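Asker: Got a structure here, written out as structure tokens. Questions coming.
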Amino acid sequence: MLNLVVPVAGAGSRFKEVGYDMPKQLIMVGDKTNIEWSMSCLKRGPGVRTIFIMREDQRLNFAMDEVLRNKFGADCRVVIVPELTRGAAETVLAAKSFIDNDDPLVIYTPDTYFEPHLRVSEDICGDADGHIVTFKANNPAYSYVAKDPVGRVTTTREKRVISTNAAAGVYAFARGKSFVAAATKMIEEDTRTNGEFYICPVYNELMAQGHFITTSEVPKIHLFGTPEEMDFFVTASTRTMSNAEQRVVLCADHSGYELKERTKELLAEWSISTIDCGTFSFRDCDYSAFVRSACQFVLRDPTLFGMGFCRTGQGVNITANSVPGIRAALVFDEYTAEHAIRHNCANFFSVSSKYTDNVGDIIRAWQQNTFDGGRHQNRLQGSQ
């Protein structure tokens, strides 16, 4: 038996400050709730017991215990804490009666969606005493893990960048009782960060006792633990996740007209529908009106992706990026298009009619790639 503990008893104060009344985990993030996005990352087998920990007011005011059982299985256990705790580590200790044993333990602090999805099983730690799932980052808002040359964790820190390995919110322990003992000791010694007891520093207690900890990295992760992150996830990140259903809105000036028309024909052959905002001839024209028209379609409809064409692609690109909410990328080939999606979450491609050899490669890159999130999300949010 493996115990999967999901603490959802936090205050969610930043969401309350901007007008949300319900618990953060029940807020709709696009077409699913926050907790559904998070839990969909974990593949839970029959040997996994899922334990949610929530506050009493969440149960009384929002029937959150029933909601979680309905969504994730009637056999889920629910542990109630009477009020806010002093951090996630203390919250998890509320499930001590379930986890203070030799069974493996996985703690998952939600508000993330990552790929590929993780299979939660009893061998998650391998030969190690603990395991931390990480992603690349440099934002001091996260927990960080430092490793030695052979990949063993040497230390962890909260809210302090000590490496590029940030904790993704999945913390595994080969034995639940190891977590209980180390977390209890950390609390007794009052080892806090910003006034709270976090999960990641518990590993420092274990390593001080000679236990060894390993990591694995997820290449794609999307964060929605704050209102700003959630808004970006809904309006930007999720747009790249359903490419099979997306359509393309096209625009060009006279020098890009021919490539626009060839692109439209190719998209039709591939059963991708288009909206053509012009221009509609080789006659000299100013691209700006056509580009802004296409950008408005992209902003109004999340199924639409923009492509604009001019001789160098630069004029179209500058105009598109002057429209708030548009992330236009100047692309020439499959490589630049792939990374415009993966690293920049582009919703508009600016294409040079003179220097682009194969527009089909660019379209395939748009179809086959999704936004990596993580540190790239931080950078994009910081630039808005």
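Please note that chains go A, B, ... in the order of the structure tokens, that every chain numbers its residues from 1, and that ligands are numbered from 1 in the order shown.
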Residues within 12 Å of Arg327 of chain A, please, as a ChimeraX atom specification. Count only C-alpha atoms; anything in the same chain fewer than 4 positions from it doesn't count.

Answerer: /A:235-237,295,298-299,305-307,317-323,340-341,343-350,380-381,383-384

Asker: Suppose we keep C-alpha atoms; can you now write the selection as a compact mmCIF listing (two decimals), in the first residue's frame?

Answerer:
# COMPACT_ATOMS: atom_id res chain seq x y z
CA THR A 235 -5.31 32.46 -21.45
CA ALA A 236 -1.92 31.31 -22.75
CA SER A 237 -0.69 27.86 -21.73
CA CYS A 295 -4.83 39.64 -33.73
CA VAL A 298 -6.81 35.44 -31.82
CA LEU A 299 -7.68 37.36 -28.65
CA PHE A 305 -3.72 30.73 -33.89
CA GLY A 306 -2.35 33.61 -35.95
CA MET A 307 0.03 33.60 -38.92
CA ASN A 317 5.98 40.81 -36.04
CA ILE A 318 6.42 44.31 -34.64
CA THR A 319 2.79 45.19 -35.34
CA ALA A 320 1.42 41.99 -33.84
CA ASN A 321 3.46 42.41 -30.67
CA SER A 322 2.08 45.92 -30.23
CA VAL A 323 -1.32 44.32 -29.52
CA ALA A 340 8.49 29.74 -30.16
CA ILE A 341 5.78 27.41 -28.84
CA HIS A 343 9.65 28.45 -24.70
CA ASN A 344 7.59 31.52 -25.64
CA CYS A 345 3.99 30.22 -25.76
CA ALA A 346 3.55 32.08 -29.05
CA ASN A 347 0.00 32.57 -30.28
CA PHE A 348 1.09 34.20 -33.53
CA PHE A 349 3.79 33.33 -36.06
CA SER A 350 5.34 36.06 -38.20
CA LEU A 380 6.67 35.70 -19.89
CA GLN A 381 4.62 36.83 -16.90
CA SER A 383 7.41 40.75 -19.38
CA GLN A 384 3.68 41.51 -19.40

Asker: Apply DSSP to the structure's backbone, then extract all residues of segment 199-307 of chain A labelled helix (DSSP H, G or I) and return them as JSON, numbers by chain.

Answerer: {"A": [202, 203, 204, 205, 206, 207, 208, 227, 228, 229, 230, 231, 232, 233, 234, 235, 237, 238, 239, 240, 243, 244, 245, 254, 255, 256, 257, 258, 259, 260, 261, 262, 263, 264, 265, 266, 267, 268, 269, 288, 289, 290, 291, 292, 293, 294, 295, 296, 297, 298, 299, 300]}

Asker: Write the residues of the selection above to a file with C-alpha atoms, as an mmCIF file, in the first residue's frame.

Answerer:
data_model
loop_
_atom_site.group_PDB
_atom_site.id
_atom_site.type_symbol
_atom_site.label_atom_id
_atom_site.label_comp_id
_atom_site.auth_asym_id
_atom_site.auth_seq_id
_atom_site.Cartn_x
_atom_site.Cartn_y
_atom_site.Cartn_z
ATOM 1 C CA VAL A 202 12.111 17.756 5.844
ATOM 2 C CA TYR A 203 14.625 16.060 3.554
ATOM 3 C CA ASN A 204 17.444 17.979 5.239
ATOM 4 C CA GLU A 205 16.551 16.212 8.487
ATOM 5 C CA LEU A 206 16.641 12.837 6.725
ATOM 6 C CA MET A 207 19.971 13.536 5.025
ATOM 7 C CA ALA A 208 21.476 14.566 8.364
ATOM 8 C CA PRO A 227 -4.234 34.502 -9.585
ATOM 9 C CA GLU A 228 -1.621 35.791 -12.031
ATOM 10 C CA GLU A 229 -0.304 32.288 -12.758
ATOM 11 C CA MET A 230 -3.829 30.933 -13.158
ATOM 12 C CA ASP A 231 -4.775 33.678 -15.587
ATOM 13 C CA PHE A 232 -1.680 32.975 -17.685
ATOM 14 C CA PHE A 233 -2.386 29.242 -17.662
ATOM 15 C CA VAL A 234 -5.953 29.756 -18.870
ATOM 16 C CA THR A 235 -5.312 32.458 -21.450
ATOM 17 C CA SER A 237 -0.687 27.856 -21.730
ATOM 18 C CA THR A 238 -3.870 25.890 -22.417
ATOM 19 C CA ARG A 239 -4.083 27.325 -25.934
ATOM 20 C CA THR A 240 -1.169 25.100 -26.927
ATOM 21 C CA ASN A 243 -3.792 21.847 -31.305
ATOM 22 C CA ALA A 244 -5.938 19.237 -33.045
ATOM 23 C CA GLU A 245 -8.972 21.454 -32.493
ATOM 24 C CA HIS A 254 1.248 42.332 -50.776
ATOM 25 C CA SER A 255 4.728 40.794 -50.474
ATOM 26 C CA GLY A 256 3.386 38.000 -48.271
ATOM 27 C CA TYR A 257 0.192 37.440 -50.251
ATOM 28 C CA GLU A 258 1.459 34.520 -52.339
ATOM 29 C CA LEU A 259 2.837 32.595 -49.328
ATOM 30 C CA LYS A 260 -0.380 33.281 -47.404
ATOM 31 C CA GLU A 261 -2.384 31.731 -50.241
ATOM 32 C CA ARG A 262 -0.099 28.685 -50.428
ATOM 33 C CA THR A 263 -0.321 28.295 -46.660
ATOM 34 C CA LYS A 264 -4.125 28.449 -46.828
ATOM 35 C CA GLU A 265 -4.150 25.672 -49.435
ATOM 36 C CA LEU A 266 -1.808 23.526 -47.346
ATOM 37 C CA LEU A 267 -3.911 23.987 -44.217
ATOM 38 C CA ALA A 268 -7.005 22.963 -46.175
ATOM 39 C CA GLU A 269 -5.218 19.799 -47.332
ATOM 40 C CA SER A 288 -0.896 46.957 -40.159
ATOM 41 C CA ALA A 289 -4.691 46.907 -40.513
ATOM 42 C CA PHE A 290 -4.718 43.278 -41.647
ATOM 43 C CA VAL A 291 -2.411 42.229 -38.805
ATOM 44 C CA ARG A 292 -4.477 43.974 -36.135
ATOM 45 C CA SER A 293 -7.644 42.407 -37.493
ATOM 46 C CA ALA A 294 -6.097 38.931 -37.259
ATOM 47 C CA CYS A 295 -4.830 39.641 -33.733
ATOM 48 C CA GLN A 296 -8.329 40.565 -32.574
ATOM 49 C CA PHE A 297 -9.587 37.182 -33.785
ATOM 50 C CA VAL A 298 -6.814 35.445 -31.824
ATOM 51 C CA LEU A 299 -7.676 37.363 -28.651
ATOM 52 C CA ARG A 300 -11.397 36.628 -28.923
#

Asker: If you count only C-alpha atoms, which residues fall within 10 Å of Pro219 of chain A, apart from same-chain ones fewer than 3 positions away, as an mmCIF file with all heavy atoms, in the first residue's frame?

Answerer:
data_model
loop_
_atom_site.group_PDB
_atom_site.id
_atom_site.type_symbol
_atom_site.label_atom_id
_atom_site.label_comp_id
_atom_site.auth_asym_id
_atom_site.auth_seq_id
_atom_site.Cartn_x
_atom_site.Cartn_y
_atom_site.Cartn_z
ATOM 1 N N PHE A 114 1.768 19.030 -14.825
ATOM 2 C CA PHE A 114 3.033 18.735 -15.473
ATOM 3 C C PHE A 114 2.897 17.542 -16.422
ATOM 4 O O PHE A 114 1.959 16.736 -16.312
ATOM 5 C CB PHE A 114 4.144 18.485 -14.446
ATOM 6 C CG PHE A 114 3.829 17.409 -13.424
ATOM 7 C CD1 PHE A 114 3.982 16.069 -13.729
ATOM 8 C CD2 PHE A 114 3.394 17.759 -12.153
ATOM 9 C CE1 PHE A 114 3.700 15.085 -12.794
ATOM 10 C CE2 PHE A 114 3.103 16.784 -11.204
ATOM 11 C CZ PHE A 114 3.258 15.439 -11.527
ATOM 12 N N GLU A 115 3.848 17.476 -17.341
ATOM 13 C CA GLU A 115 3.915 16.389 -18.311
ATOM 14 C C GLU A 115 5.359 15.947 -18.466
ATOM 15 O O GLU A 115 6.264 16.791 -18.415
ATOM 16 C CB GLU A 115 3.363 16.838 -19.678
ATOM 17 C CG GLU A 115 1.878 17.151 -19.664
ATOM 18 C CD GLU A 115 1.387 17.683 -21.006
ATOM 19 O OE1 GLU A 115 2.186 18.360 -21.712
ATOM 20 O OE2 GLU A 115 0.230 17.425 -21.369
ATOM 21 N N PRO A 116 5.594 14.641 -18.680
ATOM 22 C CA PRO A 116 4.588 13.578 -18.717
ATOM 23 C C PRO A 116 4.014 13.322 -17.330
ATOM 24 O O PRO A 116 4.609 13.689 -16.321
ATOM 25 C CB PRO A 116 5.382 12.372 -19.225
ATOM 26 C CG PRO A 116 6.788 12.641 -18.786
ATOM 27 C CD PRO A 116 6.962 14.122 -18.899
ATOM 28 N N THR A 134 11.408 17.443 -9.810
ATOM 29 C CA THR A 134 11.861 18.822 -9.981
ATOM 30 C C THR A 134 11.564 19.343 -11.384
ATOM 31 O O THR A 134 11.180 18.590 -12.280
ATOM 32 C CB THR A 134 13.380 18.941 -9.720
ATOM 33 O OG1 THR A 134 14.090 18.222 -10.746
ATOM 34 C CG2 THR A 134 13.747 18.409 -8.352
ATOM 35 N N PHE A 135 11.766 20.642 -11.555
ATOM 36 C CA PHE A 135 11.727 21.281 -12.866
ATOM 37 C C PHE A 135 12.745 22.413 -12.867
ATOM 38 O O PHE A 135 13.165 22.888 -11.803
ATOM 39 C CB PHE A 135 10.320 21.796 -13.207
ATOM 40 C CG PHE A 135 9.839 22.942 -12.345
ATOM 41 C CD1 PHE A 135 9.891 24.256 -12.806
ATOM 42 C CD2 PHE A 135 9.318 22.714 -11.072
ATOM 43 C CE1 PHE A 135 9.435 25.312 -12.030
ATOM 44 C CE2 PHE A 135 8.868 23.758 -10.285
ATOM 45 C CZ PHE A 135 8.922 25.069 -10.767
ATOM 46 N N LYS A 136 13.140 22.857 -14.044
ATOM 47 C CA LYS A 136 14.125 23.922 -14.140
ATOM 48 C C LYS A 136 13.483 25.265 -13.836
ATOM 49 O O LYS A 136 12.431 25.595 -14.386
ATOM 50 C CB LYS A 136 14.749 23.945 -15.535
ATOM 51 C CG LYS A 136 15.725 22.815 -15.798
ATOM 52 C CD LYS A 136 16.401 22.979 -17.153
ATOM 53 C CE LYS A 136 17.410 21.873 -17.396
ATOM 54 N NZ LYS A 136 18.062 22.022 -18.730
ATOM 55 N N SER A 216 14.068 13.423 -10.033
ATOM 56 C CA SER A 216 13.806 13.272 -11.467
ATOM 57 C C SER A 216 13.163 14.567 -11.926
ATOM 58 O O SER A 216 12.571 15.302 -11.131
ATOM 59 C CB SER A 216 12.884 12.081 -11.754
ATOM 60 O OG SER A 216 11.637 12.237 -11.104
ATOM 61 N N ASP A 372 6.257 24.641 -22.599
ATOM 62 C CA ASP A 372 6.954 23.952 -21.516
ATOM 63 C C ASP A 372 6.606 24.507 -20.141
ATOM 64 O O ASP A 372 6.770 23.810 -19.137
ATOM 65 C CB ASP A 372 8.470 24.047 -21.706
ATOM 66 C CG ASP A 372 8.987 23.125 -22.802
ATOM 67 O OD1 ASP A 372 8.178 22.374 -23.392
ATOM 68 O OD2 ASP A 372 10.198 23.159 -23.077
ATOM 69 N N GLY A 373 6.161 25.751 -20.067
ATOM 70 C CA GLY A 373 5.810 26.339 -18.777
ATOM 71 C C GLY A 373 7.030 26.570 -17.908
ATOM 72 O O GLY A 373 8.120 26.887 -18.380
ATOM 73 N N GLY A 374 6.864 26.384 -16.582
ATOM 74 C CA GLY A 374 7.973 26.514 -15.646
ATOM 75 C C GLY A 374 8.668 27.856 -15.723
ATOM 76 O O GLY A 374 8.031 28.915 -15.642
#

Asker: For segment 191-292 of chain A versus segment 140-149 of chain A, which residues have an atom no more than 12 Å away, and what is each residue's nearest atom pair and distance in Å rounded to one decimal, using only C-alpha atoms, chain-then-number order, as a Markdown table?

Answerer:
| residue | atom | partner | partner_atom | distance |
| --- | --- | --- | --- | --- |
| A:Thr193 | CA | A:Ser143 | CA | 10.5 |
| A:Asn194 | CA | A:Ala141 | CA | 11.3 |
| A:Tyr198 | CA | A:Ser143 | CA | 8.9 |
| A:Ile199 | CA | A:Ser143 | CA | 9.1 |
| A:Cys200 | CA | A:Ser143 | CA | 6.7 |
| A:Pro201 | CA | A:Ser143 | CA | 8.7 |
| A:Val202 | CA | A:Ser143 | CA | 11.8 |
| A:Tyr203 | CA | A:Val145 | CA | 9.9 |
| A:Asn204 | CA | A:Val145 | CA | 10.2 |
| A:Phe212 | CA | A:Lys147 | CA | 10.9 |
| A:Ile213 | CA | A:Lys147 | CA | 9.3 |
| A:Thr214 | CA | A:Lys147 | CA | 8.5 |
| A:Thr215 | CA | A:Val145 | CA | 8.7 |
| A:Ser216 | CA | A:Val145 | CA | 11.1 |
| A:Glu217 | CA | A:Val145 | CA | 11.4 |
| A:Leu223 | CA | A:Tyr142 | CA | 10.9 |
| A:Gly225 | CA | A:Ala141 | CA | 10.8 |
| A:Thr226 | CA | A:Ala141 | CA | 11.0 |

Asker: The selected residues should be written to file as a PDB file, in the first residue's frame (atoms: N, CA and C atoms).

Answerer:
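Below you can see result_38.pdb, which holds the result:
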ATOM      1  N   THR A 193      10.425  28.655   7.414  1.00  0.00           N
ATOM      2  CA  THR A 193      10.773  29.620   6.378  1.00  0.00           C
ATOM      3  C   THR A 193       9.593  30.556   6.205  1.00  0.00           C
ATOM      4  N   ASN A 194       9.842  31.840   6.340  1.00  0.00           N
ATOM      5  CA  ASN A 194       8.762  32.832   6.264  1.00  0.00           C
ATOM      6  C   ASN A 194       7.606  32.489   7.200  1.00  0.00           C
ATOM      7  N   TYR A 198       7.546  23.991   5.771  1.00  0.00           N
ATOM      8  CA  TYR A 198       7.366  23.465   4.425  1.00  0.00           C
ATOM      9  C   TYR A 198       7.786  21.996   4.346  1.00  0.00           C
ATOM     10  N   ILE A 199       7.421  21.346   3.234  1.00  0.00           N
ATOM     11  CA  ILE A 199       7.731  19.933   3.044  1.00  0.00           C
ATOM     12  C   ILE A 199       9.197  19.720   2.689  1.00  0.00           C
ATOM     13  N   CYS A 200       9.711  20.506   1.742  1.00  0.00           N
ATOM     14  CA  CYS A 200      11.046  20.239   1.197  1.00  0.00           C
ATOM     15  C   CYS A 200      12.144  20.209   2.270  1.00  0.00           C
ATOM     16  N   PRO A 201      12.147  21.096   3.265  1.00  0.00           N
ATOM     17  CA  PRO A 201      13.213  21.058   4.275  1.00  0.00           C
ATOM     18  C   PRO A 201      13.223  19.790   5.122  1.00  0.00           C
ATOM     19  N   VAL A 202      12.124  19.018   5.094  1.00  0.00           N
ATOM     20  CA  VAL A 202      12.111  17.756   5.844  1.00  0.00           C
ATOM     21  C   VAL A 202      13.232  16.838   5.366  1.00  0.00           C
ATOM     22  N   TYR A 203      13.553  16.907   4.079  1.00  0.00           N
ATOM     23  CA  TYR A 203      14.625  16.060   3.554  1.00  0.00           C
ATOM     24  C   TYR A 203      15.971  16.391   4.181  1.00  0.00           C
ATOM     25  N   ASN A 204      16.177  17.631   4.582  1.00  0.00           N
ATOM     26  CA  ASN A 204      17.444  17.979   5.239  1.00  0.00           C
ATOM     27  C   ASN A 204      17.607  17.194   6.538  1.00  0.00           C
ATOM     28  N   PHE A 212      19.619   8.863   1.825  1.00  0.00           N
ATOM     29  CA  PHE A 212      19.949   9.513   0.556  1.00  0.00           C
ATOM     30  C   PHE A 212      18.695   9.717  -0.275  1.00  0.00           C
ATOM     31  N   ILE A 213      18.707  10.852  -0.974  1.00  0.00           N
ATOM     32  CA  ILE A 213      17.541  11.333  -1.698  1.00  0.00           C
ATOM     33  C   ILE A 213      17.912  11.532  -3.161  1.00  0.00           C
ATOM     34  N   THR A 214      17.013  11.181  -4.063  1.00  0.00           N
ATOM     35  CA  THR A 214      17.238  11.350  -5.493  1.00  0.00           C
ATOM     36  C   THR A 214      16.180  12.274  -6.095  1.00  0.00           C
ATOM     37  N   THR A 215      16.368  12.608  -7.352  1.00  0.00           N
ATOM     38  CA  THR A 215      15.400  13.471  -8.045  1.00  0.00           C
ATOM     39  C   THR A 215      15.148  12.956  -9.449  1.00  0.00           C
ATOM     40  N   SER A 216      14.068  13.423 -10.033  1.00  0.00           N
ATOM     41  CA  SER A 216      13.806  13.272 -11.467  1.00  0.00           C
ATOM     42  C   SER A 216      13.163  14.567 -11.926  1.00  0.00           C
ATOM     43  N   GLU A 217      13.290  14.864 -13.215  1.00  0.00           N
ATOM     44  CA  GLU A 217      12.842  16.158 -13.722  1.00  0.00           C
ATOM     45  C   GLU A 217      11.683  16.005 -14.694  1.00  0.00           C
ATOM     46  N   LEU A 223       2.052  26.306 -13.737  1.00  0.00           N
ATOM     47  CA  LEU A 223       1.817  26.698 -12.350  1.00  0.00           C
ATOM     48  C   LEU A 223       0.602  27.615 -12.278  1.00  0.00           C
ATOM     49  N   GLY A 225      -0.754  28.608  -8.880  1.00  0.00           N
ATOM     50  CA  GLY A 225      -0.949  28.787  -7.444  1.00  0.00           C
ATOM     51  C   GLY A 225      -1.256  30.212  -7.042  1.00  0.00           C
ATOM     52  N   THR A 226      -1.169  31.160  -7.984  1.00  0.00           N
ATOM     53  CA  THR A 226      -1.540  32.551  -7.723  1.00  0.00           C
ATOM     54  C   THR A 226      -2.534  32.983  -8.793  1.00  0.00           C
TER      55      THR A 226
END

Asker: For segment 43-60 of chain A, work out the shell of residues within 6 Å, counting only C-alpha atoms and skipping chain neighbours fewer than 3 positions away, then give it as a PyMOL selection string.

Answerer: chain A and resi 1-9+63-65+76-83+118-120

Asker: Identify all residues of segment 124-355 of chain A in strand (DSSP E) (DSSP on the backbone) and supply them as JSON, numbers by chain.

Answerer: {"A": [130, 131, 132, 133, 134, 135, 136, 143, 144, 145, 146, 147, 153, 154, 155, 156, 157, 158, 165, 166, 167, 168, 169, 170, 171, 172, 173, 213, 214, 215, 216, 217, 220, 221, 222, 223, 247, 248, 249, 250, 251, 252, 274, 275, 276, 304, 305, 306, 307, 308, 309, 310, 328, 329, 330, 331, 348, 349, 350, 351, 352]}

Asker: Segment 162-194 of chain A near segment 99-103 of chain A within 6 Å: what's each residue's closest atom pair and its distance in Å to one decimal, counting only C-alpha atoms, ordered by chain then ascending residue number, as a Markdown table?

Answerer:
| residue | atom | partner | partner_atom | distance |
| --- | --- | --- | --- | --- |
| A:Arg175 | CA | A:Asp102 | CA | 4.6 |
| A:Gly176 | CA | A:Ile99 | CA | 5.1 |
| A:Lys177 | CA | A:Asp100 | CA | 4.2 |

Asker: Identify which of the residues A:Lys96, A:Lys71, A:Lys220, A:His117 lies closest to Ala183 of chain A, counting only C-alpha atoms when measuring atom-to-atom distances.

Answerer: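 Among the listed residues, the smallest separation from Ala183 of chain A belongs to A:Lys96.
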
Asker: For Gly308 of chain A, work out the shell of residues within 6 Å, counting only C-alpha atoms and skipping chain neighbours fewer than 5 positions away, then give it as a list of chain:residue names.

Answerer: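 Near Gly308 of chain A, the qualifying residues are A:Leu250, A:Cys251, A:Ala252, A:Ser350.
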
Asker: Quick one: distance from atom CA of Met22 of chain A to atom CA of Phe62 of chain A in Å, one decimal?

Answerer: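 It comes out at 7.4 Å.
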